[in-house]
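Source file: run-v8.csv (CSV, C-alpha atoms)
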chain,number,residue,atom,x,y,z
B,15,MET,CA,7.7,13.6,6.0
B,16,ALA,CA,9.0,14.5,9.5
B,17,GLU,CA,12.5,13.5,10.4
B,18,GLY,CA,13.3,11.8,13.7
B,19,SER,CA,15.4,14.8,15.0
B,20,ASN,CA,12.5,17.2,14.3
B,21,ARG,CA,9.7,15.2,15.8
B,22,ARG,CA,6.9,16.7,17.8
B,23,SER,CA,5.7,15.5,21.1
B,24,ALA,CA,3.8,12.2,21.4
B,25,SER,CA,0.6,14.1,22.3
B,26,ILE,CA,0.9,16.4,19.2
B,27,GLU,CA,1.5,13.3,17.0
B,28,ASP,CA,-1.6,11.6,18.5
B,29,TYR,CA,-3.8,14.6,17.8
B,30,VAL,CA,-2.8,15.1,14.2
B,31,ARG,CA,-3.2,11.4,13.5
B,32,ALA,CA,-6.6,11.4,15.1
B,33,ILE,CA,-7.7,14.5,13.0
B,34,TYR,CA,-6.4,12.7,9.9
B,35,GLY,CA,-8.3,9.6,10.8
B,36,LEU,CA,-11.6,11.6,11.2
B,37,GLU,CA,-10.9,13.3,7.9
B,38,GLU,CA,-10.3,10.0,6.2
B,39,ARG,CA,-13.8,8.8,7.3
B,40,GLY,CA,-15.4,12.1,6.1
B,41,GLU,CA,-16.4,12.9,9.6
B,42,ASP,CA,-16.7,16.4,11.1
B,43,VAL,CA,-13.5,17.3,13.1
B,44,THR,CA,-14.6,19.2,16.2
B,45,ASN,CA,-13.3,19.4,19.8
B,46,THR,CA,-16.1,17.0,20.7
B,47,SER,CA,-15.3,14.4,18.1
B,48,LEU,CA,-11.6,14.6,18.9
B,49,ALA,CA,-12.3,14.2,22.6
B,50,THR,CA,-14.4,11.1,21.9
B,51,ARG,CA,-11.7,9.6,19.6
B,52,LEU,CA,-8.8,10.2,22.0
B,53,GLU,CA,-10.8,9.6,25.2
B,54,VAL,CA,-10.0,13.0,26.7
B,55,SER,CA,-12.2,15.8,28.0
B,56,PRO,CA,-13.5,18.4,25.5
B,57,SER,CA,-11.6,21.1,27.3
B,58,SER,CA,-8.3,19.2,26.9
B,59,ALA,CA,-9.1,18.7,23.2
B,60,SER,CA,-9.8,22.4,22.8
B,61,GLY,CA,-6.6,23.4,24.5
B,62,MET,CA,-4.5,21.1,22.3
B,63,VAL,CA,-6.3,22.3,19.1
B,64,THR,CA,-5.3,25.8,20.1
B,65,LYS,CA,-1.7,24.7,20.5
B,66,LEU,CA,-1.8,22.9,17.1
B,67,ALA,CA,-3.2,26.1,15.4
B,68,GLN,CA,-0.4,28.2,17.0
B,69,GLN,CA,2.2,25.8,15.5
B,70,GLY,CA,0.6,25.9,12.1
B,71,LEU,CA,-0.6,22.3,12.1
B,72,VAL,CA,-4.4,23.0,11.9
B,73,GLU,CA,-6.8,25.7,11.1
B,74,HIS,CA,-10.4,26.4,11.9
B,75,VAL,CA,-12.5,26.5,8.8
B,76,PRO,CA,-15.9,28.2,9.1
B,77,TYR,CA,-18.8,25.7,8.9
B,78,ARG,CA,-16.4,22.9,8.4
B,79,GLY,CA,-14.5,22.6,11.8
B,80,ILE,CA,-10.9,21.8,12.3
B,81,GLU,CA,-8.7,20.9,9.3
B,82,LEU,CA,-5.0,19.9,9.0
B,83,THR,CA,-2.7,22.3,7.2
B,84,GLY,CA,-0.2,21.0,4.6
B,85,GLU,CA,2.4,20.7,7.4
B,86,GLY,CA,-0.1,19.0,9.7
B,87,ARG,CA,-1.1,16.5,7.0
B,88,SER,CA,2.6,15.7,6.3
B,89,LEU,CA,3.2,15.1,10.0
B,90,ALA,CA,0.1,12.9,10.3
B,91,ARG,CA,1.1,10.8,7.4
B,92,SER,CA,4.6,10.4,8.8
B,93,VAL,CA,3.1,9.1,12.1
B,94,LEU,CA,0.8,6.9,10.2
B,95,ARG,CA,3.6,5.4,8.1
B,96,ARG,CA,5.4,4.5,11.3
B,97,HIS,CA,2.3,3.1,13.0
B,98,ARG,CA,1.1,1.0,10.0
B,99,LEU,CA,4.6,-0.4,9.2
B,100,ILE,CA,5.0,-1.4,12.9
B,101,GLU,CA,1.6,-3.2,12.7
B,102,SER,CA,2.6,-4.9,9.5
B,103,TYR,CA,5.9,-6.0,11.0
B,104,LEU,CA,4.3,-7.4,14.2
B,105,VAL,CA,1.9,-9.5,12.2
B,106,SER,CA,4.3,-10.6,9.5
B,107,GLU,CA,7.4,-11.3,11.5
B,108,LEU,CA,6.4,-11.7,15.1
B,109,GLY,CA,3.2,-13.7,14.9
B,110,TYR,CA,0.8,-11.1,16.2
B,111,THR,CA,-2.8,-11.2,15.1
B,112,TRP,CA,-4.5,-8.2,13.6
B,113,ASP,CA,-6.5,-7.6,16.8
B,114,GLU,CA,-3.3,-7.3,18.9
B,115,VAL,CA,-1.2,-4.8,17.0
B,116,HIS,CA,-3.0,-1.4,17.3
B,117,ALA,CA,-2.2,-0.8,21.0
B,118,GLU,CA,1.4,-1.9,20.5
B,119,ALA,CA,1.9,0.4,17.5
B,120,ASP,CA,0.4,3.3,19.4
B,121,LEU,CA,3.3,3.0,21.9
B,122,LEU,CA,6.1,2.2,19.5
B,123,GLU,CA,5.3,4.8,16.8
B,124,HIS,CA,6.7,7.6,19.0
B,125,VAL,CA,10.0,6.0,19.8
B,126,VAL,CA,11.2,4.1,16.8
B,127,SER,CA,14.0,5.7,14.8
B,128,ASP,CA,13.6,6.7,11.1
B,129,LEU,CA,16.4,4.1,10.3
B,130,LEU,CA,14.4,1.3,12.0
B,131,VAL,CA,11.3,2.3,10.1
B,132,ALA,CA,13.2,2.3,6.8
B,133,ARG,CA,14.6,-1.1,7.6
B,134,ILE,CA,11.2,-2.5,8.5
B,135,ALA,CA,9.8,-1.2,5.2
B,136,THR,CA,12.6,-2.9,3.3
B,137,LYS,CA,12.3,-6.1,5.2
B,138,LEU,CA,8.6,-6.3,4.4
B,139,GLY,CA,9.1,-5.3,0.7
B,140,ASN,CA,7.7,-1.8,1.1
B,141,PRO,CA,4.0,-2.7,1.6
B,142,VAL,CA,1.3,-0.3,0.7
B,143,ARG,CA,-1.4,-1.7,3.1
B,144,ASP,CA,-1.2,-2.7,6.7
B,145,PRO,CA,-3.0,-5.8,8.3
B,146,HIS,CA,-6.3,-3.8,8.5
B,147,GLY,CA,-6.1,-2.7,4.9
B,148,ASP,CA,-5.2,0.9,5.8
B,149,PRO,CA,-2.9,2.6,3.3
B,150,ILE,CA,0.7,3.0,4.3
B,151,PRO,CA,2.0,6.5,3.3
B,152,ALA,CA,5.2,6.4,1.2
B,153,VAL,CA,8.4,8.1,2.3
B,154,ASP,CA,7.3,11.2,0.4
B,155,GLY,CA,3.9,11.3,2.0
B,156,SER,CA,1.9,10.1,-1.0
B,157,VAL,CA,-0.9,7.6,-0.4
B,158,GLU,CA,-2.2,4.9,-2.8
B,159,GLU,CA,-5.9,5.5,-3.1
B,160,VAL,CA,-8.3,2.7,-3.8
B,161,SER,CA,-12.0,3.4,-4.8
B,162,THR,CA,-14.1,1.8,-2.1
B,163,LYS,CA,-17.5,2.0,-0.5
B,164,LEU,CA,-18.6,1.2,3.0
B,165,LEU,CA,-20.6,-2.0,3.3
B,166,ASP,CA,-23.3,0.1,5.0
B,167,ASP,CA,-23.8,2.1,1.8
B,168,LEU,CA,-24.2,-0.9,-0.6
B,169,PRO,CA,-27.6,-2.0,-2.0
B,170,ALA,CA,-28.8,-5.6,-2.1
B,171,GLY,CA,-27.1,-7.4,-4.9
B,172,ALA,CA,-23.8,-5.6,-4.7
B,173,VAL,CA,-20.7,-7.8,-4.9
B,174,GLY,CA,-17.1,-6.9,-4.1
B,175,ASP,CA,-14.0,-7.7,-2.0
B,176,ILE,CA,-13.3,-6.6,1.5
B,177,VAL,CA,-10.2,-4.3,1.4
B,178,ARG,CA,-10.2,-2.4,4.6
B,179,VAL,CA,-11.5,-2.6,8.2
B,180,TRP,CA,-11.8,0.8,9.7
B,181,ASP,CA,-12.3,-0.2,13.3
B,182,THR,CA,-9.4,-1.3,15.4
B,183,ASP,CA,-11.5,-2.5,18.4
B,184,PRO,CA,-10.0,-5.9,19.3
B,185,GLU,CA,-13.4,-7.4,20.1
B,186,LEU,CA,-14.7,-6.4,16.7
B,187,LEU,CA,-11.7,-7.8,14.9
B,188,ARG,CA,-11.9,-11.1,16.8
B,189,TYR,CA,-15.6,-11.3,15.9
B,190,LEU,CA,-14.7,-11.0,12.2
B,191,THR,CA,-11.9,-13.5,12.5
B,192,ASP,CA,-14.2,-16.1,14.2
B,193,ARG,CA,-16.5,-15.8,11.2
B,194,ALA,CA,-13.8,-15.8,8.5
B,195,ILE,CA,-14.7,-12.3,7.5
B,196,GLY,CA,-11.3,-10.8,6.5
B,197,LEU,CA,-9.4,-8.8,3.9
B,198,GLY,CA,-9.6,-10.1,0.4
B,199,GLU,CA,-12.8,-12.1,1.0
B,200,ARG,CA,-15.6,-11.9,-1.6
B,201,ILE,CA,-18.7,-10.3,0.0
B,202,GLU,CA,-22.2,-10.1,-1.5
B,203,VAL,CA,-25.1,-8.1,0.0
B,204,VAL,CA,-28.1,-10.5,0.1
B,205,GLU,CA,-30.6,-8.4,1.9
B,206,ARG,CA,-30.9,-5.1,3.8
B,207,GLN,CA,-33.5,-5.6,6.5
B,208,PRO,CA,-35.9,-2.7,7.0
B,209,PHE,CA,-36.0,-0.1,9.8
B,210,GLY,CA,-32.3,0.0,10.4
B,211,GLY,CA,-32.0,-3.8,10.7
B,212,SER,CA,-29.1,-6.0,9.9
B,213,ILE,CA,-27.4,-6.4,6.5
B,214,VAL,CA,-27.4,-10.0,5.4
B,215,VAL,CA,-24.3,-10.8,3.5
B,216,ARG,CA,-22.7,-13.9,1.9
B,217,VAL,CA,-18.9,-14.1,2.5
B,218,GLY,CA,-16.5,-16.3,0.5
B,219,GLN,CA,-16.6,-18.1,-2.8
B,220,PRO,CA,-19.7,-20.1,-3.7
B,221,PRO,CA,-20.5,-22.9,-2.9
B,222,GLU,CA,-18.5,-22.6,0.4
B,223,ALA,CA,-19.7,-19.1,1.1
B,224,THR,CA,-21.3,-18.5,4.5
B,225,THR,CA,-24.2,-16.2,5.3
B,226,HIS,CA,-24.1,-13.6,8.2
B,227,ALA,CA,-26.4,-10.9,9.5
B,228,LEU,CA,-24.2,-7.9,10.3
B,229,GLY,CA,-25.2,-5.0,12.5
B,230,ARG,CA,-24.6,-1.4,11.5
B,231,GLU,CA,-21.4,-1.0,13.5
B,232,ILE,CA,-19.7,-3.7,11.5
B,233,ALA,CA,-21.3,-2.5,8.2
B,234,GLN,CA,-19.7,0.9,8.8
B,235,ALA,CA,-16.3,-0.7,9.6
B,236,LEU,CA,-15.9,-2.6,6.3
B,237,SER,CA,-14.8,-1.0,3.1
B,238,VAL,CA,-15.5,-2.9,-0.1
B,239,SER,CA,-14.0,-2.7,-3.6
B,240,LEU,CA,-16.8,-3.4,-5.9
B,241,ARG,CA,-16.5,-5.9,-8.7
Would you put the structure from the file into structure tokens?
Amino acid sequence: MAEGSNRRSASIEDYVRAIYGLEERGEDVTNTSLATRLEVSPSSASGMVTKLAQQGLVEHVPYRGIELTGEGRSLARSVLRRHRLIESYLVSELGYTWDEVHAEADLLEHVVSDLLVARIATKLGNPVRDPHGDPIPAVDGSVEEVSTKLLDDLPAGAVGDIVRVWDTDPELLRYLTDRAIGLGERIEVVERQPFGGSIVVRVGQPPEATTHALGREIAQALSVSLR
């Protein structure tokens, strides 16, 4: 994991974290997808990718796009550890809600010291998941993997528990909160409506479970651990 005295620039850290995030989702990492994720121009993304390659953080793989090198992945996980621990601290200790923490952590992850990050981890009992269910890399860069599937990929009749929300859009998170759709909740796929329609789900424990028709954007944002 990267030490504070050897940290890269904030822009480099943002890019490797974005590449790691796309890889986590199994999405193609290209200049275009990076530009979309970071809300920059494709030419800016291309220029930064060239810089990352020169520093040994990424490589271009034929037919597969941009991939992090071992050093790049280590750096990305170091940034993610800071980011996700900060989010966890803001929710646990300062009363933030899960829809408020992402933007704050984006700013703080580049300036907190390694000592502060270590003390946050200790204060929180070394959590392995953040408020969105994202895995928090350990000090050595290892990540606890959990077998999950996106709600969008589940057939009717599937039952599991919501363990991760991929989207950090505040409006989406508030939408879920308003409907009591959160981490740890039981979820059952009741019906998949045809022609790309909604996925009808039942959330919560019977008989108090509530029924919702969720669009594809939400179905692709929820990871479920099957029972």
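Comparing the minimum interatomic distances between Gly211 in chain B and each of B:Val115, B:Val93, B:Leu165, B:Ala227, counting only C-alpha atoms, we find that B:Ala227 sits nearest.
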| message | Every residue with an atom at most 12 Å from (-0.9, 12.4, 20.3) (file coordinates; all atoms listed in the file) is what I'm after, so could you write them as a count of residues only? | response | 32
| note | Pairwise distance, CA of Pro141 in chain B with CA of Gly84 in chain B, equals 24.3 Å
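The point (-19.6, -11.0, -0.9) has these residues within 8 Å of it when only C-alpha atoms are used: Ala172, Val173, Gly174, Asp175, Glu199, Arg200, Ile201, Glu202, Val203, Val215, Arg216, Val217, Gly218 and Gln219 of chain B.
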Limited to C-alpha atoms, could you put the picked residues into a file as an mmCIF file, keeping the file's coordinate frame?
data_model
loop_
_atom_site.group_PDB
_atom_site.id
_atom_site.type_symbol
_atom_site.label_atom_id
_atom_site.label_comp_id
_atom_site.auth_asym_id
_atom_site.auth_seq_id
_atom_site.Cartn_x
_atom_site.Cartn_y
_atom_site.Cartn_z
ATOM 1 C CA ALA B 172 -23.800 -5.600 -4.700
ATOM 2 C CA VAL B 173 -20.700 -7.800 -4.900
ATOM 3 C CA GLY B 174 -17.100 -6.900 -4.100
ATOM 4 C CA ASP B 175 -14.000 -7.700 -2.000
ATOM 5 C CA GLU B 199 -12.800 -12.100 1.000
ATOM 6 C CA ARG B 200 -15.600 -11.900 -1.600
ATOM 7 C CA ILE B 201 -18.700 -10.300 0.000
ATOM 8 C CA GLU B 202 -22.200 -10.100 -1.500
ATOM 9 C CA VAL B 203 -25.100 -8.100 0.000
ATOM 10 C CA VAL B 215 -24.300 -10.800 3.500
ATOM 11 C CA ARG B 216 -22.700 -13.900 1.900
ATOM 12 C CA VAL B 217 -18.900 -14.100 2.500
ATOM 13 C CA GLY B 218 -16.500 -16.300 0.500
ATOM 14 C CA GLN B 219 -16.600 -18.100 -2.800
#
| task | Please measure the separation of CA of Gly171 in chain B and CA of Arg143 in chain B, giving the value in Å to one decimal. | result | 27.5 Å
How would range 103-133 of chain B look written as a PDB file, in the first residue's frame with N, CA, C and O atoms?
ATOM      1  N   TYR B 103     -16.386   6.325   8.753  1.00  0.00           N
ATOM      2  CA  TYR B 103     -16.256   7.185   9.932  1.00  0.00           C
ATOM      3  C   TYR B 103     -17.322   8.283   9.928  1.00  0.00           C
ATOM      4  O   TYR B 103     -17.929   8.583  10.967  1.00  0.00           O
ATOM      5  N   LEU B 104     -17.551   8.869   8.771  1.00  0.00           N
ATOM      6  CA  LEU B 104     -18.542   9.942   8.689  1.00  0.00           C
ATOM      7  C   LEU B 104     -19.932   9.443   9.070  1.00  0.00           C
ATOM      8  O   LEU B 104     -20.690  10.147   9.754  1.00  0.00           O
ATOM      9  N   VAL B 105     -20.272   8.234   8.660  1.00  0.00           N
ATOM     10  CA  VAL B 105     -21.579   7.674   8.989  1.00  0.00           C
ATOM     11  C   VAL B 105     -21.635   7.235  10.450  1.00  0.00           C
ATOM     12  O   VAL B 105     -22.576   7.548  11.180  1.00  0.00           O
ATOM     13  N   SER B 106     -20.607   6.518  10.882  1.00  0.00           N
ATOM     14  CA  SER B 106     -20.618   5.928  12.229  1.00  0.00           C
ATOM     15  C   SER B 106     -20.470   6.951  13.334  1.00  0.00           C
ATOM     16  O   SER B 106     -21.150   6.876  14.363  1.00  0.00           O
ATOM     17  N   GLU B 107     -19.585   7.920  13.133  1.00  0.00           N
ATOM     18  CA  GLU B 107     -19.228   8.823  14.227  1.00  0.00           C
ATOM     19  C   GLU B 107     -19.770  10.238  14.089  1.00  0.00           C
ATOM     20  O   GLU B 107     -19.890  10.956  15.082  1.00  0.00           O
ATOM     21  N   LEU B 108     -20.077  10.673  12.880  1.00  0.00           N
ATOM     22  CA  LEU B 108     -20.474  12.071  12.681  1.00  0.00           C
ATOM     23  C   LEU B 108     -21.908  12.231  12.192  1.00  0.00           C
ATOM     24  O   LEU B 108     -22.329  13.350  11.878  1.00  0.00           O
ATOM     25  N   GLY B 109     -22.630  11.122  12.093  1.00  0.00           N
ATOM     26  CA  GLY B 109     -24.052  11.230  11.785  1.00  0.00           C
ATOM     27  C   GLY B 109     -24.407  11.508  10.343  1.00  0.00           C
ATOM     28  O   GLY B 109     -25.553  11.867  10.046  1.00  0.00           O
ATOM     29  N   TYR B 110     -23.457  11.343   9.437  1.00  0.00           N
ATOM     30  CA  TYR B 110     -23.778  11.493   8.015  1.00  0.00           C
ATOM     31  C   TYR B 110     -24.667  10.328   7.579  1.00  0.00           C
ATOM     32  O   TYR B 110     -24.635   9.237   8.161  1.00  0.00           O
ATOM     33  N   THR B 111     -25.445  10.554   6.515  1.00  0.00           N
ATOM     34  CA  THR B 111     -26.188   9.465   5.894  1.00  0.00           C
ATOM     35  C   THR B 111     -25.406   8.956   4.687  1.00  0.00           C
ATOM     36  O   THR B 111     -24.509   9.644   4.186  1.00  0.00           O
ATOM     37  N   TRP B 112     -25.746   7.756   4.222  1.00  0.00           N
ATOM     38  CA  TRP B 112     -24.929   7.139   3.175  1.00  0.00           C
ATOM     39  C   TRP B 112     -24.957   7.894   1.847  1.00  0.00           C
ATOM     40  O   TRP B 112     -24.089   7.709   1.013  1.00  0.00           O
ATOM     41  N   ASP B 113     -25.951   8.764   1.661  1.00  0.00           N
ATOM     42  CA  ASP B 113     -26.018   9.547   0.432  1.00  0.00           C
ATOM     43  C   ASP B 113     -25.173  10.822   0.517  1.00  0.00           C
ATOM     44  O   ASP B 113     -25.010  11.520  -0.489  1.00  0.00           O
ATOM     45  N   GLU B 114     -24.618  11.140   1.690  1.00  0.00           N
ATOM     46  CA  GLU B 114     -23.865  12.384   1.873  1.00  0.00           C
ATOM     47  C   GLU B 114     -22.346  12.193   1.847  1.00  0.00           C
ATOM     48  O   GLU B 114     -21.609  13.169   1.727  1.00  0.00           O
ATOM     49  N   VAL B 115     -21.876  10.945   1.981  1.00  0.00           N
ATOM     50  CA  VAL B 115     -20.464  10.753   2.305  1.00  0.00           C
ATOM     51  C   VAL B 115     -19.516  10.678   1.103  1.00  0.00           C
ATOM     52  O   VAL B 115     -18.325  10.944   1.242  1.00  0.00           O
ATOM     53  N   HIS B 116     -20.015  10.311  -0.064  1.00  0.00           N
ATOM     54  CA  HIS B 116     -19.103  10.060  -1.185  1.00  0.00           C
ATOM     55  C   HIS B 116     -18.321  11.314  -1.582  1.00  0.00           C
ATOM     56  O   HIS B 116     -17.098  11.274  -1.740  1.00  0.00           O
ATOM     57  N   ALA B 117     -19.020  12.415  -1.745  1.00  0.00           N
ATOM     58  CA  ALA B 117     -18.356  13.657  -2.164  1.00  0.00           C
ATOM     59  C   ALA B 117     -17.367  14.132  -1.104  1.00  0.00           C
ATOM     60  O   ALA B 117     -16.274  14.614  -1.434  1.00  0.00           O
ATOM     61  N   GLU B 118     -17.725  13.996   0.173  1.00  0.00           N
ATOM     62  CA  GLU B 118     -16.815  14.387   1.251  1.00  0.00           C
ATOM     63  C   GLU B 118     -15.546  13.536   1.200  1.00  0.00           C
ATOM     64  O   GLU B 118     -14.427  14.043   1.320  1.00  0.00           O
ATOM     65  N   ALA B 119     -15.725  12.217   1.047  1.00  0.00           N
ATOM     66  CA  ALA B 119     -14.572  11.319   1.017  1.00  0.00           C
ATOM     67  C   ALA B 119     -13.700  11.582  -0.199  1.00  0.00           C
ATOM     68  O   ALA B 119     -12.471  11.424  -0.134  1.00  0.00           O
ATOM     69  N   ASP B 120     -14.312  11.971  -1.312  1.00  0.00           N
ATOM     70  CA  ASP B 120     -13.531  12.309  -2.507  1.00  0.00           C
ATOM     71  C   ASP B 120     -12.513  13.410  -2.208  1.00  0.00           C
ATOM     72  O   ASP B 120     -11.386  13.396  -2.715  1.00  0.00           O
ATOM     73  N   LEU B 121     -12.911  14.374  -1.399  1.00  0.00           N
ATOM     74  CA  LEU B 121     -12.028  15.489  -1.059  1.00  0.00           C
ATOM     75  C   LEU B 121     -10.987  15.084  -0.013  1.00  0.00           C
ATOM     76  O   LEU B 121      -9.804  15.392  -0.129  1.00  0.00           O
ATOM     77  N   LEU B 122     -11.433  14.368   0.999  1.00  0.00           N
ATOM     78  CA  LEU B 122     -10.567  14.068   2.137  1.00  0.00           C
ATOM     79  C   LEU B 122      -9.550  12.973   1.863  1.00  0.00           C
ATOM     80  O   LEU B 122      -8.479  12.945   2.475  1.00  0.00           O
ATOM     81  N   GLU B 123      -9.846  12.059   0.945  1.00  0.00           N
ATOM     82  CA  GLU B 123      -8.965  10.908   0.720  1.00  0.00           C
ATOM     83  C   GLU B 123      -7.555  11.303   0.294  1.00  0.00           C
ATOM     84  O   GLU B 123      -6.609  10.542   0.497  1.00  0.00           O
ATOM     85  N   HIS B 124      -7.415  12.477  -0.284  1.00  0.00           N
ATOM     86  CA  HIS B 124      -6.104  12.904  -0.784  1.00  0.00           C
ATOM     87  C   HIS B 124      -5.267  13.624   0.274  1.00  0.00           C
ATOM     88  O   HIS B 124      -4.071  13.833   0.065  1.00  0.00           O
ATOM     89  N   VAL B 125      -5.889  14.016   1.381  1.00  0.00           N
ATOM     90  CA  VAL B 125      -5.172  14.861   2.335  1.00  0.00           C
ATOM     91  C   VAL B 125      -5.002  14.232   3.711  1.00  0.00           C
ATOM     92  O   VAL B 125      -4.174  14.702   4.495  1.00  0.00           O
ATOM     93  N   VAL B 126      -5.753  13.186   4.027  1.00  0.00           N
ATOM     94  CA  VAL B 126      -5.611  12.569   5.352  1.00  0.00           C
ATOM     95  C   VAL B 126      -4.269  11.847   5.444  1.00  0.00           C
ATOM     96  O   VAL B 126      -3.773  11.290   4.471  1.00  0.00           O
ATOM     97  N   SER B 127      -3.677  11.871   6.618  1.00  0.00           N
ATOM     98  CA  SER B 127      -2.403  11.181   6.828  1.00  0.00           C
ATOM     99  C   SER B 127      -2.636   9.685   7.044  1.00  0.00           C
ATOM    100  O   SER B 127      -3.730   9.249   7.401  1.00  0.00           O
ATOM    101  N   ASP B 128      -1.574   8.910   6.851  1.00  0.00           N
ATOM    102  CA  ASP B 128      -1.668   7.468   7.104  1.00  0.00           C
ATOM    103  C   ASP B 128      -1.963   7.199   8.578  1.00  0.00           C
ATOM    104  O   ASP B 128      -2.652   6.235   8.915  1.00  0.00           O
ATOM    105  N   LEU B 129      -1.432   8.046   9.467  1.00  0.00           N
ATOM    106  CA  LEU B 129      -1.692   7.885  10.898  1.00  0.00           C
ATOM    107  C   LEU B 129      -3.169   8.063  11.190  1.00  0.00           C
ATOM    108  O   LEU B 129      -3.767   7.274  11.944  1.00  0.00           O
ATOM    109  N   LEU B 130      -3.780   9.082  10.593  1.00  0.00           N
ATOM    110  CA  LEU B 130      -5.206   9.313  10.830  1.00  0.00           C
ATOM    111  C   LEU B 130      -6.040   8.157  10.280  1.00  0.00           C
ATOM    112  O   LEU B 130      -6.992   7.701  10.923  1.00  0.00           O
ATOM    113  N   VAL B 131      -5.686   7.664   9.103  1.00  0.00           N
ATOM    114  CA  VAL B 131      -6.413   6.534   8.516  1.00  0.00           C
ATOM    115  C   VAL B 131      -6.318   5.318   9.436  1.00  0.00           C
ATOM    116  O   VAL B 131      -7.312   4.615   9.678  1.00  0.00           O
ATOM    117  N   ALA B 132      -5.126   5.061   9.970  1.00  0.00           N
ATOM    118  CA  ALA B 132      -4.937   3.922  10.873  1.00  0.00           C
ATOM    119  C   ALA B 132      -5.782   4.077  12.129  1.00  0.00           C
ATOM    120  O   ALA B 132      -6.371   3.104  12.626  1.00  0.00           O
ATOM    121  N   ARG B 133      -5.862   5.308  12.648  1.00  0.00           N
ATOM    122  CA  ARG B 133      -6.631   5.521  13.875  1.00  0.00           C
ATOM    123  C   ARG B 133      -8.131   5.444  13.612  1.00  0.00           C
ATOM    124  O   ARG B 133      -8.893   5.000  14.469  1.00  0.00           O
TER     125      ARG B 133
END
